[in-house]
$ cat coords27.cif   # mmCIF, C-alpha atoms
data_upload
loop_
_atom_site.label_atom_id
_atom_site.label_comp_id
_atom_site.auth_asym_id
_atom_site.auth_seq_id
_atom_site.Cartn_x
_atom_site.Cartn_y
_atom_site.Cartn_z
CA MET W 6 -3.11 29.29 -2.02
CA LYS W 7 -1.10 26.21 -1.18
CA PHE W 8 0.89 24.13 -3.66
CA GLY W 9 1.27 20.37 -3.75
CA ILE W 10 3.08 17.91 -6.00
CA PHE W 11 1.49 14.68 -7.19
CA TYR W 12 2.88 11.22 -7.94
CA GLU W 13 1.42 8.27 -9.84
CA LEU W 14 4.96 6.91 -10.27
CA GLN W 15 4.45 6.33 -13.99
CA LEU W 16 6.82 4.06 -15.91
CA PRO W 17 6.11 3.64 -19.63
CA ARG W 18 7.60 0.74 -21.55
CA PRO W 19 10.08 -0.47 -22.61
CA TRP W 20 11.26 -1.50 -19.13
CA GLN W 21 14.92 -2.10 -18.39
CA ALA W 22 16.62 -3.52 -15.31
CA GLY W 23 16.95 -0.79 -12.71
CA ASP W 24 14.15 1.42 -14.08
CA GLU W 25 11.89 1.03 -11.05
CA LEU W 26 14.80 1.64 -8.70
CA LYS W 27 15.61 4.88 -10.52
CA LEU W 28 11.94 5.88 -10.62
CA TYR W 29 11.60 5.65 -6.83
CA GLN W 30 14.94 7.22 -5.99
CA ASP W 31 14.36 10.13 -8.40
CA ALA W 32 10.91 10.74 -6.93
CA LEU W 33 12.33 10.87 -3.39
CA THR W 34 14.96 13.36 -4.56
CA GLN W 35 12.20 15.46 -6.11
CA LEU W 36 10.31 15.46 -2.79
CA GLU W 37 13.48 16.59 -1.01
CA THR W 38 13.76 19.42 -3.56
CA ALA W 39 10.13 20.42 -3.09
CA ASP W 40 10.54 20.41 0.69
CA ARG W 41 13.60 22.66 0.47
CA LEU W 42 11.78 25.05 -1.86
CA GLY W 43 8.73 25.47 0.39
CA TYR W 44 6.04 23.41 -1.35
CA ASP W 45 3.20 22.56 1.01
CA HIS W 46 2.10 19.00 0.18
CA ALA W 47 3.27 15.85 -1.58
CA TRP W 48 0.49 13.48 -2.69
CA VAL W 49 1.07 9.83 -3.64
CA VAL W 50 -1.53 7.48 -5.11
CA GLU W 51 -2.34 3.87 -4.39
CA HIS W 52 -2.90 1.78 -7.53
CA HIS W 53 -2.62 -1.91 -8.33
CA PHE W 54 -1.96 -3.74 -11.62
CA LEU W 55 -2.08 -0.56 -13.79
CA GLU W 56 0.91 -1.26 -16.02
CA GLU W 57 2.83 1.83 -17.16
CA TYR W 58 0.21 4.16 -15.66
CA SER W 59 1.17 3.69 -12.00
CA HIS W 60 3.80 1.67 -10.19
CA SER W 61 2.64 2.84 -6.75
CA PRO W 62 0.91 0.01 -4.86
CA SER W 63 2.42 0.89 -1.46
CA PRO W 64 2.27 4.65 -0.89
CA GLU W 65 2.70 4.24 2.86
CA SER W 66 6.19 2.80 2.24
CA PHE W 67 7.16 5.58 -0.15
CA LEU W 68 5.82 8.29 2.16
CA ALA W 69 7.60 6.74 5.15
CA ALA W 70 10.88 6.98 3.25
CA ALA W 71 10.03 10.57 2.29
CA SER W 72 9.34 11.40 5.94
CA GLN W 73 13.00 10.74 6.75
CA ARG W 74 14.30 12.90 3.90
CA THR W 75 12.08 15.95 4.43
CA ARG W 76 11.27 18.32 7.28
CA ASN W 77 8.25 20.48 6.51
CA ILE W 78 6.28 19.28 3.47
CA ARG W 79 3.06 17.49 4.40
CA LEU W 80 2.84 13.90 3.19
CA GLY W 81 -0.49 12.92 1.72
CA HIS W 82 -2.22 9.72 0.73
CA GLY W 83 -3.88 10.75 -2.48
CA ILE W 84 -5.54 8.33 -1.99
CA PHE W 85 -5.62 5.26 0.30
CA GLN W 86 -8.04 2.73 -1.25
CA LEU W 87 -10.52 1.79 1.46
CA THR W 88 -12.04 -0.86 -0.80
CA THR W 89 -8.86 -2.94 -1.16
CA ASN W 90 -7.48 -2.57 2.39
CA HIS W 91 -8.70 -3.79 5.76
CA PRO W 92 -9.78 -0.89 8.02
CA ALA W 93 -7.44 -1.90 10.86
CA ARG W 94 -4.46 -1.97 8.50
CA VAL W 95 -5.41 1.47 7.20
CA ALA W 96 -5.58 2.91 10.72
CA GLU W 97 -2.25 1.32 11.66
CA ARG W 98 -0.43 2.61 8.58
CA ILE W 99 -1.82 6.14 8.90
CA ALA W 100 -0.73 6.27 12.55
CA VAL W 101 2.77 4.97 11.79
CA LEU W 102 3.27 7.52 8.99
CA ASP W 103 2.09 10.30 11.30
CA LEU W 104 4.62 9.20 13.91
CA LEU W 105 7.49 8.87 11.44
CA SER W 106 6.75 12.29 9.91
CA ARG W 107 6.25 13.99 13.30
CA GLY W 108 2.64 14.84 12.50
CA ARG W 109 2.79 15.64 8.78
CA CYS W 110 0.42 12.92 7.47
CA GLU W 111 -2.65 13.80 5.37
CA PHE W 112 -5.27 11.04 5.07
CA GLY W 113 -6.86 10.96 1.62
CA MET W 114 -9.45 8.24 0.97
CA GLY W 115 -11.07 6.76 -2.10
CA GLU W 116 -12.74 3.74 -3.66
CA SER W 117 -10.75 3.01 -6.86
CA ALA W 118 -12.41 3.59 -10.23
CA SER W 119 -11.19 0.51 -12.10
CA ILE W 120 -12.31 -3.09 -12.23
CA THR W 121 -8.67 -3.95 -13.02
CA GLU W 122 -7.90 -3.07 -9.40
CA LEU W 123 -11.11 -4.06 -7.63
CA GLU W 124 -11.73 -7.59 -8.90
CA PRO W 125 -8.56 -9.24 -7.55
CA PHE W 126 -9.57 -8.01 -4.09
CA SER W 127 -13.10 -9.44 -4.48
CA ARG W 128 -14.66 -5.98 -4.84
CA ASP W 129 -16.89 -4.64 -7.60
CA MET W 130 -18.13 -1.34 -9.00
CA GLU W 131 -21.67 -1.88 -7.72
CA THR W 132 -20.82 -2.15 -4.00
CA LYS W 133 -17.61 -0.12 -3.71
CA LYS W 134 -19.41 2.95 -2.32
CA GLU W 135 -20.99 0.84 0.45
CA VAL W 136 -17.63 -0.72 1.28
CA PHE W 137 -16.01 2.72 1.42
CA GLU W 138 -18.63 4.15 3.77
CA GLU W 139 -18.51 1.14 6.09
CA ALA W 140 -14.70 1.31 6.19
CA VAL W 141 -14.89 4.98 7.21
CA ALA W 142 -17.25 4.08 10.06
CA ALA W 143 -14.87 1.33 11.22
CA ILE W 144 -11.60 3.29 11.01
CA PHE W 145 -12.17 6.43 13.07
CA PRO W 146 -12.93 4.80 16.43
CA MET W 147 -9.56 3.04 16.03
CA PHE W 148 -7.73 6.37 16.31
CA ARG W 149 -9.15 7.03 19.78
CA ASP W 150 -7.60 5.74 23.01
CA GLY W 151 -8.72 2.27 23.99
CA GLY W 152 -10.30 -0.48 21.96
CA SER W 153 -13.01 -0.50 19.30
CA GLU W 154 -15.03 -3.05 17.39
CA HIS W 155 -17.11 -3.08 14.22
CA HIS W 156 -19.70 -5.57 12.99
CA GLY W 157 -21.04 -4.77 9.54
CA LYS W 158 -21.88 -6.17 6.14
CA TYR W 159 -18.35 -6.11 4.73
CA PHE W 160 -16.12 -6.05 7.82
CA ASP W 161 -16.43 -7.94 11.11
CA ILE W 162 -13.78 -6.73 13.55
CA PRO W 163 -13.74 -7.96 17.17
CA LEU W 164 -12.85 -5.68 20.08
CA ARG W 165 -9.19 -4.72 19.76
CA ASN W 166 -6.97 -1.77 20.63
CA VAL W 167 -5.38 -0.66 17.36
CA VAL W 168 -1.89 0.67 18.08
CA PRO W 169 -0.05 2.94 17.60
CA LYS W 170 -2.14 6.12 17.62
CA PRO W 171 -1.45 9.14 15.36
CA VAL W 172 0.37 12.24 16.59
CA GLN W 173 -2.29 14.61 15.23
CA LYS W 174 -5.42 14.68 17.35
CA PRO W 175 -8.04 13.48 16.85
CA HIS W 176 -6.52 12.29 13.53
CA PRO W 177 -4.67 13.61 10.45
CA PRO W 178 -6.63 15.90 8.07
CA LEU W 179 -9.17 14.00 5.94
CA TRP W 180 -9.56 14.14 2.17
CA MET W 181 -11.59 12.30 -0.45
CA ALA W 182 -10.86 11.70 -4.13
CA CYS W 183 -13.26 13.47 -6.53
CA SER W 184 -13.52 13.55 -10.31
CA GLN W 185 -17.02 14.87 -11.05
CA LEU W 186 -19.43 17.44 -9.61
CA PRO W 187 -21.49 14.84 -7.67
CA THR W 188 -18.40 13.50 -5.90
CA ILE W 189 -17.25 17.06 -5.12
CA GLU W 190 -20.61 17.61 -3.41
CA ARG W 191 -20.37 14.23 -1.67
CA ALA W 192 -16.95 15.13 -0.22
CA GLY W 193 -18.43 18.35 1.12
CA GLN W 194 -21.42 16.59 2.64
CA CYS W 195 -19.08 14.12 4.36
CA GLY W 196 -16.89 16.94 5.66
CA PHE W 197 -13.77 15.75 3.82
CA GLY W 198 -11.35 17.92 1.92
CA ALA W 199 -11.89 17.45 -1.82
CA LEU W 200 -9.00 16.17 -3.93
CA GLY W 201 -10.21 17.12 -7.40
CA PHE W 202 -8.56 14.62 -9.74
CA GLN W 203 -9.91 16.18 -12.89
CA PHE W 204 -8.37 18.76 -15.22
CA VAL W 205 -10.78 21.68 -15.38
CA SER W 206 -10.77 25.32 -16.42
CA ALA W 207 -10.86 28.18 -13.93
CA ASP W 208 -14.53 28.77 -14.75
CA ALA W 209 -15.44 25.16 -14.05
CA ALA W 210 -13.33 25.30 -10.89
CA HIS W 211 -15.48 28.22 -9.70
CA ALA W 212 -18.56 26.00 -9.94
CA TRP W 213 -16.81 23.12 -8.17
CA VAL W 214 -15.75 25.39 -5.30
CA HIS W 215 -19.27 26.76 -4.83
CA ALA W 216 -20.82 23.29 -4.99
CA TYR W 217 -18.29 22.00 -2.46
CA TYR W 218 -18.66 24.80 0.09
CA ASN W 219 -22.45 24.80 -0.21
CA ALA W 220 -22.40 21.09 0.65
CA ILE W 221 -20.04 21.36 3.62
CA THR W 222 -21.78 24.40 5.14
CA LYS W 223 -25.44 23.57 4.42
CA ARG W 224 -25.76 19.80 3.95
CA LEU W 225 -23.09 18.30 6.20
CA LYS W 226 -23.77 14.65 7.03
CA LYS W 227 -20.68 12.97 8.42
CA LEU W 228 -20.16 9.21 8.05
CA ALA W 229 -18.62 8.86 11.52
CA ASP W 230 -17.27 10.94 14.41
CA TYR W 231 -14.34 12.88 12.92
CA GLU W 232 -13.09 16.44 12.47
CA ILE W 233 -14.07 18.06 9.16
CA ASN W 234 -11.46 19.47 6.77
CA PRO W 235 -12.94 22.27 4.62
CA ASN W 236 -10.47 22.46 1.74
CA MET W 237 -10.73 22.24 -2.04
CA ALA W 238 -7.70 21.08 -4.08
CA LEU W 239 -7.37 20.64 -7.84
CA VAL W 240 -4.73 18.77 -9.83
CA SER W 241 -3.19 20.44 -12.86
CA PHE W 242 -0.69 19.31 -15.47
CA PHE W 243 2.53 21.20 -14.81
CA MET W 244 5.85 22.08 -16.37
CA CYS W 245 7.62 25.40 -15.85
CA ALA W 246 10.48 26.41 -18.14
CA LYS W 247 12.00 29.64 -19.38
CA THR W 248 9.74 29.75 -22.46
CA ASP W 249 6.33 28.31 -23.34
CA GLU W 250 7.84 26.33 -26.20
CA GLU W 251 10.47 24.74 -23.99
CA ALA W 252 7.89 23.86 -21.33
CA ARG W 253 5.66 22.12 -23.90
CA LEU W 254 8.59 20.14 -25.29
CA ARG W 255 9.42 18.96 -21.76
CA ALA W 256 5.81 18.11 -20.81
CA ASP W 257 4.98 15.35 -23.26
CA GLY W 258 4.17 13.09 -20.31
CA ALA W 259 1.00 15.08 -19.64
CA THR W 260 -0.79 13.65 -22.65
CA PHE W 261 0.54 10.15 -21.99
CA PHE W 262 -0.96 10.44 -18.51
CA GLN W 263 -4.39 11.19 -19.98
CA PHE W 264 -4.05 8.46 -22.60
CA ALA W 265 -3.28 5.79 -20.00
CA LEU W 266 -5.94 7.13 -17.63
CA ARG W 267 -8.62 6.75 -20.30
CA PHE W 268 -7.47 3.21 -21.04
CA TYR W 269 -7.89 2.05 -17.44
CA GLY W 270 -10.92 4.21 -16.67
CA ALA W 271 -12.91 3.49 -19.84
CA SER W 272 -15.93 1.20 -20.05
CA GLN W 273 -15.86 -0.91 -16.92
CA ASP W 274 -17.64 -3.94 -18.36
CA ARG W 275 -15.19 -4.85 -21.11
CA GLN W 276 -12.66 -7.66 -20.85
CA ARG W 277 -9.22 -6.52 -19.80
CA PRO W 278 -6.23 -7.65 -21.90
CA ALA W 279 -3.81 -10.09 -20.33
CA PRO W 280 -0.87 -8.59 -18.41
CA GLY W 281 1.79 -7.39 -20.80
CA ALA W 282 -0.50 -7.65 -23.82
CA VAL W 283 -0.59 -3.88 -24.44
CA ASN W 284 2.41 -1.63 -24.89
CA MET W 285 0.83 1.63 -23.70
CA TRP W 286 3.78 3.76 -24.76
CA ASP W 287 3.68 2.44 -28.34
CA GLU W 288 -0.10 2.89 -28.53
CA TYR W 289 0.27 6.41 -27.18
CA ASN W 290 2.84 7.33 -29.81
CA LYS W 291 0.55 5.99 -32.56
CA TRP W 292 -2.25 8.16 -31.22
CA LYS W 293 0.06 11.17 -31.01
CA ARG W 294 1.17 10.83 -34.64
CA GLU W 295 -2.47 10.71 -35.75
CA ASN W 296 -3.68 13.50 -33.44
CA ARG W 297 -0.89 16.07 -33.47
CA GLU W 298 -3.21 19.06 -33.18
CA ALA W 299 -5.06 17.58 -30.21
CA GLN W 300 -1.80 16.82 -28.44
CA GLU W 301 -0.45 20.33 -29.04
CA ALA W 302 -3.71 21.86 -27.80
CA ALA W 303 -3.49 19.76 -24.65
CA LEU W 304 0.04 20.98 -23.96
CA ARG W 305 -1.19 24.58 -24.13
CA SER W 306 -3.55 23.83 -21.26
CA GLY W 307 -2.88 23.29 -17.59
CA LEU W 308 0.02 25.02 -15.88
CA ILE W 309 2.51 24.38 -18.65
CA GLY W 310 4.59 27.32 -19.79
CA SER W 311 6.93 30.10 -18.77
CA PRO W 312 6.69 31.68 -15.32
CA ASP W 313 4.75 34.60 -16.80
CA THR W 314 2.25 32.31 -18.57
CA ILE W 315 1.69 30.21 -15.47
CA ARG W 316 1.27 33.31 -13.30
CA LYS W 317 -1.52 34.57 -15.56
CA LYS W 318 -3.31 31.20 -15.41
CA LEU W 319 -2.96 30.94 -11.64
CA ARG W 320 -4.49 34.36 -11.12
CA ARG W 321 -7.72 33.02 -12.63
CA PHE W 322 -7.69 30.02 -10.30
CA ARG W 323 -7.09 32.35 -7.36
CA THR W 324 -10.31 34.21 -8.15
CA SER W 325 -12.10 30.83 -8.08
CA HIS W 326 -10.94 30.43 -4.45
CA ILE W 327 -9.14 27.11 -4.86
CA ASP W 328 -7.38 26.29 -1.58
CA GLN W 329 -4.62 24.18 -3.13
CA VAL W 330 -3.25 23.53 -6.61
CA ILE W 331 -1.59 20.12 -6.96
CA LEU W 332 1.07 20.07 -9.67
CA LEU W 333 1.41 16.92 -11.78
CA ASN W 334 5.00 16.96 -13.01
CA GLN W 335 6.02 13.29 -12.93
CA ALA W 336 4.22 11.79 -15.93
CA GLY W 337 5.14 9.69 -18.93
CA LYS W 338 8.82 10.07 -19.69
CA ASN W 339 9.25 13.59 -18.31
CA SER W 340 12.88 13.64 -17.20
CA HIS W 341 14.06 13.90 -13.60
CA GLU W 342 16.26 16.85 -14.49
CA HIS W 343 13.40 18.78 -16.10
CA ILE W 344 11.08 18.02 -13.16
CA CYS W 345 13.60 19.41 -10.67
CA GLU W 346 14.32 22.48 -12.83
CA SER W 347 10.57 23.07 -13.15
CA LEU W 348 10.07 22.92 -9.38
CA GLU W 349 12.99 25.30 -8.83
CA LEU W 350 11.86 27.89 -11.39
CA PHE W 351 8.23 27.87 -10.26
CA ALA W 352 9.20 28.24 -6.59
CA GLU W 353 11.54 31.11 -7.35
CA GLU W 354 9.47 33.14 -9.83
CA VAL W 355 5.79 32.19 -9.39
CA MET W 356 4.95 30.74 -6.00
CA PRO W 357 5.70 33.77 -3.79
CA GLU W 358 2.91 35.84 -5.39
CA PHE W 359 0.24 33.32 -4.35
CA GLN W 360 1.35 31.93 -1.01
CA ASN W 361 -0.08 34.67 1.20
CA ASP W 362 -3.61 35.64 0.19
CA PRO W 363 -5.55 37.54 2.90
CA GLU W 364 -8.46 38.07 0.48
CA HIS W 365 -8.95 34.31 0.09
CA ASP W 366 -8.62 33.77 3.83
CA ALA W 367 -11.33 36.38 4.47
CA TRP W 368 -13.58 34.88 1.79
CA LYS W 369 -13.25 31.40 3.26
CA ALA W 370 -13.88 32.59 6.80
CA GLY W 371 -17.05 34.33 5.60
CA VAL W 372 -18.23 31.21 3.80
CA MET W 373 -17.70 28.99 6.83
CA ARG W 374 -19.54 31.51 9.06
CA GLY W 375 -22.42 31.63 6.60
CA SER W 376 -22.13 35.37 6.00
CA LEU W 377 -21.23 35.04 2.30
CA LYS W 378 -23.75 33.74 -0.21
CA LEU W 379 -22.57 31.09 -2.65
CA GLU W 380 -23.92 30.20 -6.08
CA GLU W 381 -26.05 27.05 -6.04
CA ILE W 382 -24.88 24.60 -8.69
CA ASP W 383 -26.82 21.58 -9.93
CA THR W 384 -25.44 18.87 -12.17
CA ALA W 385 -27.51 19.71 -15.27
CA GLU W 386 -26.72 23.39 -15.01
CA PHE W 387 -23.04 22.64 -14.55
CA THR W 388 -22.98 20.48 -17.68
CA ASP W 389 -24.66 23.18 -19.75
CA ARG W 390 -22.63 26.09 -18.45
CA TYR W 391 -19.24 24.62 -17.55
CA GLY W 392 -18.98 21.09 -18.89
CA LYS W 393 -17.60 22.19 -22.22
CA LEU W 394 -14.83 24.06 -20.42
CA ALA W 395 -13.38 20.94 -18.79
CA LEU W 396 -9.95 20.12 -20.18
CA ASN W 397 -10.42 16.58 -21.47
CA VAL W 398 -6.80 16.59 -22.50
CA GLY W 399 -6.63 15.33 -26.04
CA SER W 400 -9.32 12.66 -25.43
CA PRO W 401 -6.93 9.87 -26.46
CA LYS W 402 -8.23 6.31 -26.76
CA PRO W 403 -6.23 3.15 -27.33
CA ALA W 404 -6.82 1.44 -30.64
CA PRO W 405 -9.64 -1.13 -30.51
CA ALA W 406 -7.19 -4.01 -30.82
CA ALA W 407 -5.25 -2.80 -27.82
CA ALA W 408 -8.38 -2.37 -25.76
CA GLY W 409 -9.24 -6.03 -26.08
#
$ encode --input "coords27.cif" --output "structure tokens"
Amino acid sequence: MKFGIFYELQLPRPWQAGDELKLYQDALTQLETADRLGYDHAWVVEHHFLEEYSHSPSPESFLAAASQRTRNIRLGHGIFQLTTNHPARVAERIAVLDLLSRGRCEFGMGESASITELEPFSRDMETKKEVFEEAVAAIFPMFRDGGSEHHGKYFDIPLRNVVPKPVQKPHPPLWMACSQLPTIERAGQCGFGALGFQFVSADAAHAWVHAYYNAITKRLKKLADYEINPNMALVSFFMCAKTDEEARLRADGATFFQFALRFYGASQDRQRPAPGAVNMWDEYNKWKRENREAQEAALRSGLIGSPDTIRKKLRRFRTSHIDQVILLNQAGKNSHEHICESLELFAEEVMPEFQNDPEHDAWKAGVMRGSLKLEEIDTAEFTDRYGKLALNVGSPKPAPAAAG
């Protein structure tokens, strides 16, 4: 099992001069710490206009800086929005990051799930899948030697040689953002690694893994000429401390993360409030006061707790055959000091047990050869059997007035 760390670069209000500077510099220090401790991946999102939830519109810049302060940790776009970027610019930025990092770039792709982000770039929810798939078809010929061209519905690109080219051949490993069973299956069918941005139980993760590997081994239908990346990763809330109680006290940001996520990912057809019209942190604290039991239950979930508690939870995920667990530590107002202490304690007392897993390696090799039978999962069956196990952390919703 591999371990990654995950960054939305959250910054709740109230904002003071220097807050964004500190946010970025602290995050880079945390990546240096993770690199020194032997974590495998660092994943950074791309988001636009999502106040308080994410101040990360330029992950390629952040990851380029990280490439000069780290040596071994792989640097992942989790994800690059193919709907709001021109394909040639995507190919150029991926290649530059791969060069700067000496071949440590991971290329995660997605569409964006919010009209707040899509509309200013003249994209919409109805066509974003088409735009994504056409962008994929346009990008991968650009990584090869020589020129390429693309003439499609959404992009018209004359013959040009996109330079530079990435270090990794034929390209960096490919990933796709997923949040539901159908998108997990879609990632498998496309041959992309699955970045599971949903907080699920170990039992639900078992179903996701089987659905994913069934798709990639039995129903592969690539969107272009590229090398597949059979890997399944899941994000989990994370805070490791000496006791469960201390970890929960330090992990308040986990429920703020879910609160803000629901605000921006809720009904896509409603009018968005004007910039600055909602103080997300104040609304979150109102919700927390009124839903104390839900918040406390949420903090008992995920990988939040003492080393012993987290070890027990991870053993269940290991039996589900997850390839990578991505740890969400930077959320809400979780402090820099607590994040670094959490990374240190987990690496020292938990990570070594799970890093070398010959049983998982043998299972995966058997699956890819077709010698191991997997459980077939359909959407209705998943909902009936596993849907109730998904950790919909606290289910917070902004007050109607705040939602506009």
$ closest_residue --input "coords27.cif" --among "W:Arg305, W:Lys27, W:Lys291, W:Arg165" --to "W:Arg253" --atoms "all atoms listed in the file"
W:Arg305
$ residues_around --input "coords27.cif" --residues "W:Glu65" --least-positions-apart "5" --cutoff "8 Å" --atoms "all atoms listed in the file" --output "PDB file with C-alpha atoms, in the coordinates of the input"
ATOM      1  CA  HIS W  82      -2.220   9.720   0.730  1.00  0.00           C
ATOM      2  CA  ARG W  98      -0.430   2.610   8.580  1.00  0.00           C
ATOM      3  CA  ILE W  99      -1.820   6.140   8.900  1.00  0.00           C
ATOM      4  CA  LEU W 102       3.270   7.520   8.990  1.00  0.00           C
TER       5      LEU W 102
END
$ resolve_selection --input "coords27.cif" --expression "the PyMOL selection byres ((chain W and resi 172) around 9)" --output "JSON, numbers by chain"
{"W": [100, 103, 104, 107, 108, 109, 170, 171, 173, 174, 175, 176, 177]}
$ write_last_selection --input "coords27.cif" --atoms "C-alpha atoms" --output "PDB file, keeping the file's coordinate frame"
ATOM      1  CA  ALA W 100      -0.730   6.270  12.550  1.00  0.00           C
ATOM      2  CA  ASP W 103       2.090  10.300  11.300  1.00  0.00           C
ATOM      3  CA  LEU W 104       4.620   9.200  13.910  1.00  0.00           C
ATOM      4  CA  ARG W 107       6.250  13.990  13.300  1.00  0.00           C
ATOM      5  CA  GLY W 108       2.640  14.840  12.500  1.00  0.00           C
ATOM      6  CA  ARG W 109       2.790  15.640   8.780  1.00  0.00           C
ATOM      7  CA  LYS W 170      -2.140   6.120  17.620  1.00  0.00           C
ATOM      8  CA  PRO W 171      -1.450   9.140  15.360  1.00  0.00           C
ATOM      9  CA  GLN W 173      -2.290  14.610  15.230  1.00  0.00           C
ATOM     10  CA  LYS W 174      -5.420  14.680  17.350  1.00  0.00           C
ATOM     11  CA  PRO W 175      -8.040  13.480  16.850  1.00  0.00           C
ATOM     12  CA  HIS W 176      -6.520  12.290  13.530  1.00  0.00           C
ATOM     13  CA  PRO W 177      -4.670  13.610  10.450  1.00  0.00           C
TER      14      PRO W 177
END
$ closest_atom_pairs --input "coords27.cif" --of "stretch 20-124 of chain W" --to "stretch 223-239 of chain W" --cutoff "12 Å" --atoms "all atoms listed in the file" --output "Markdown table"
| residue | atom | partner | partner_atom | distance |
| --- | --- | --- | --- | --- |
| W:His46 | CA | W:Ala238 | CA | 10.9 |
| W:Trp48 | CA | W:Ala238 | CA | 11.3 |
| W:Gly83 | CA | W:Ala238 | CA | 11.1 |
| W:Glu111 | CA | W:Asn234 | CA | 10.6 |
| W:Phe112 | CA | W:Asn234 | CA | 10.6 |
| W:Gly113 | CA | W:Asn234 | CA | 11.0 |
$ residues_around --input "coords27.cif" --residues "W:Tyr159" --least-positions-apart "4" --cutoff "10 Å" --atoms "all atoms listed in the file" --output "JSON, numbers by chain"
{"W": [88, 91, 132, 135, 136, 137, 139, 140]}
$ closest_residue --input "coords27.cif" --among "W:Ile331, W:Pro280, W:Ser63, W:Glu386" --to "W:Ala209" --atoms "only C-alpha atoms"
W:Glu386
$ closest_residue --input "coords27.cif" --among "W:Gln300, W:Val167, W:Thr75, W:Asn90" --to "W:Ser106" --atoms "all atoms listed in the file"
W:Thr75
$ closest_residue --input "coords27.cif" --among "W:Ala303, W:Val49, W:Ile309, W:Ile382" --to "W:Glu251" --atoms "all atoms listed in the file"
W:Ile309
$ residues_around --input "coords27.cif" --residues "W:Glu25" --least-positions-apart "6" --cutoff "10 Å" --atoms "only C-alpha atoms" --output "PyMOL selection string"
chain W and resi 14-16+31+60
$ residues_around --input "coords27.cif" --residues "stretch 341-356 of chain W" --least-positions-apart "5" --cutoff "9 Å" --atoms "all atoms listed in the file" --output "MDAnalysis selection string"
chainID W and resid 7:8 28 31:32 34:35 38:39 42:44 243:247 252 255:256 311:313 315:316 334:335
$ resolve_selection --input "coords27.cif" --expression "the PyMOL selection byres ((chain W and resi 362) around 12)" --output "VMD selection string"
chain W and resid 6 to 7 320 323 to 324 326 to 329 356 to 361 363 to 369
$ closest_atom_pairs --input "coords27.cif" --of "stretch 310-371 of chain W" --to "stretch 283-286 of chain W" --cutoff "12 Å" --atoms "only C-alpha atoms" --output "tab-separated table"
residue	atom	partner	partner_atom	distance
W:Ala336	CA	W:Trp286	CA	11.9
W:Gly337	CA	W:Trp286	CA	8.4
W:Lys338	CA	W:Trp286	CA	9.5
$ atom_distance --input "coords27.cif" --atom1 "atom CA of W:Gly375" --atom2 "atom CA of W:Phe322"
22.5 Å
$ closest_residue --input "coords27.cif" --among "W:Asn339, W:Val95, W:Phe204, W:Trp292" --to "W:Gly307" --atoms "all atoms listed in the file"
W:Phe204
$ atom_distance --input "coords27.cif" --atom1 "atom CA of W:Ala22" --atom2 "atom CA of W:Gly281"
16.3 Å
$ closest_residue --input "coords27.cif" --among "W:Gly196, W:Pro125, W:Gly157, W:Pro17" --to "W:Phe261" --atoms "only C-alpha atoms"
W:Pro17
$ atom_distance --input "coords27.cif" --atom1 "atom CA of W:Gly198" --atom2 "atom CA of W:Leu179"
6.0 Å
$ residues_around --input "coords27.cif" --residues "W:His215" --least-positions-apart "4" --cutoff "9 Å" --atoms "only C-alpha atoms" --output "PyMOL selection string"
chain W and resi 210-211+219-220+325+379-382
$ build_atoms --input "coords27.cif" --residues "stretch 214-223 of chain W" --atoms "N, CA and C atoms" --output "PDB file, in the coordinates of the input"
ATOM      1  N   VAL W 214     -15.975  24.798  -6.619  1.00  0.00           N
ATOM      2  CA  VAL W 214     -15.750  25.390  -5.300  1.00  0.00           C
ATOM      3  C   VAL W 214     -17.073  25.746  -4.638  1.00  0.00           C
ATOM      4  N   HIS W 215     -17.978  26.368  -5.397  1.00  0.00           N
ATOM      5  CA  HIS W 215     -19.270  26.760  -4.830  1.00  0.00           C
ATOM      6  C   HIS W 215     -20.100  25.544  -4.462  1.00  0.00           C
ATOM      7  N   ALA W 216     -20.082  24.515  -5.306  1.00  0.00           N
ATOM      8  CA  ALA W 216     -20.820  23.290  -4.990  1.00  0.00           C
ATOM      9  C   ALA W 216     -20.253  22.647  -3.725  1.00  0.00           C
ATOM     10  N   TYR W 217     -18.935  22.621  -3.613  1.00  0.00           N
ATOM     11  CA  TYR W 217     -18.290  22.000  -2.460  1.00  0.00           C
ATOM     12  C   TYR W 217     -18.627  22.746  -1.161  1.00  0.00           C
ATOM     13  N   TYR W 218     -18.451  24.059  -1.151  1.00  0.00           N
ATOM     14  CA  TYR W 218     -18.660  24.800   0.090  1.00  0.00           C
ATOM     15  C   TYR W 218     -20.143  24.925   0.450  1.00  0.00           C
ATOM     16  N   ASN W 219     -21.027  24.893  -0.536  1.00  0.00           N
ATOM     17  CA  ASN W 219     -22.450  24.800  -0.210  1.00  0.00           C
ATOM     18  C   ASN W 219     -22.752  23.497   0.517  1.00  0.00           C
ATOM     19  N   ALA W 220     -22.141  22.402   0.040  1.00  0.00           N
ATOM     20  CA  ALA W 220     -22.400  21.090   0.650  1.00  0.00           C
ATOM     21  C   ALA W 220     -21.869  21.021   2.071  1.00  0.00           C
ATOM     22  N   ILE W 221     -20.650  21.517   2.294  1.00  0.00           N
ATOM     23  CA  ILE W 221     -20.040  21.360   3.620  1.00  0.00           C
ATOM     24  C   ILE W 221     -20.650  22.311   4.644  1.00  0.00           C
ATOM     25  N   THR W 222     -21.200  23.451   4.188  1.00  0.00           N
ATOM     26  CA  THR W 222     -21.780  24.400   5.140  1.00  0.00           C
ATOM     27  C   THR W 222     -23.284  24.221   5.335  1.00  0.00           C
ATOM     28  N   LYS W 223     -23.979  23.651   4.358  1.00  0.00           N
ATOM     29  CA  LYS W 223     -25.440  23.570   4.420  1.00  0.00           C
ATOM     30  C   LYS W 223     -25.982  22.146   4.511  1.00  0.00           C
TER      31      LYS W 223
END
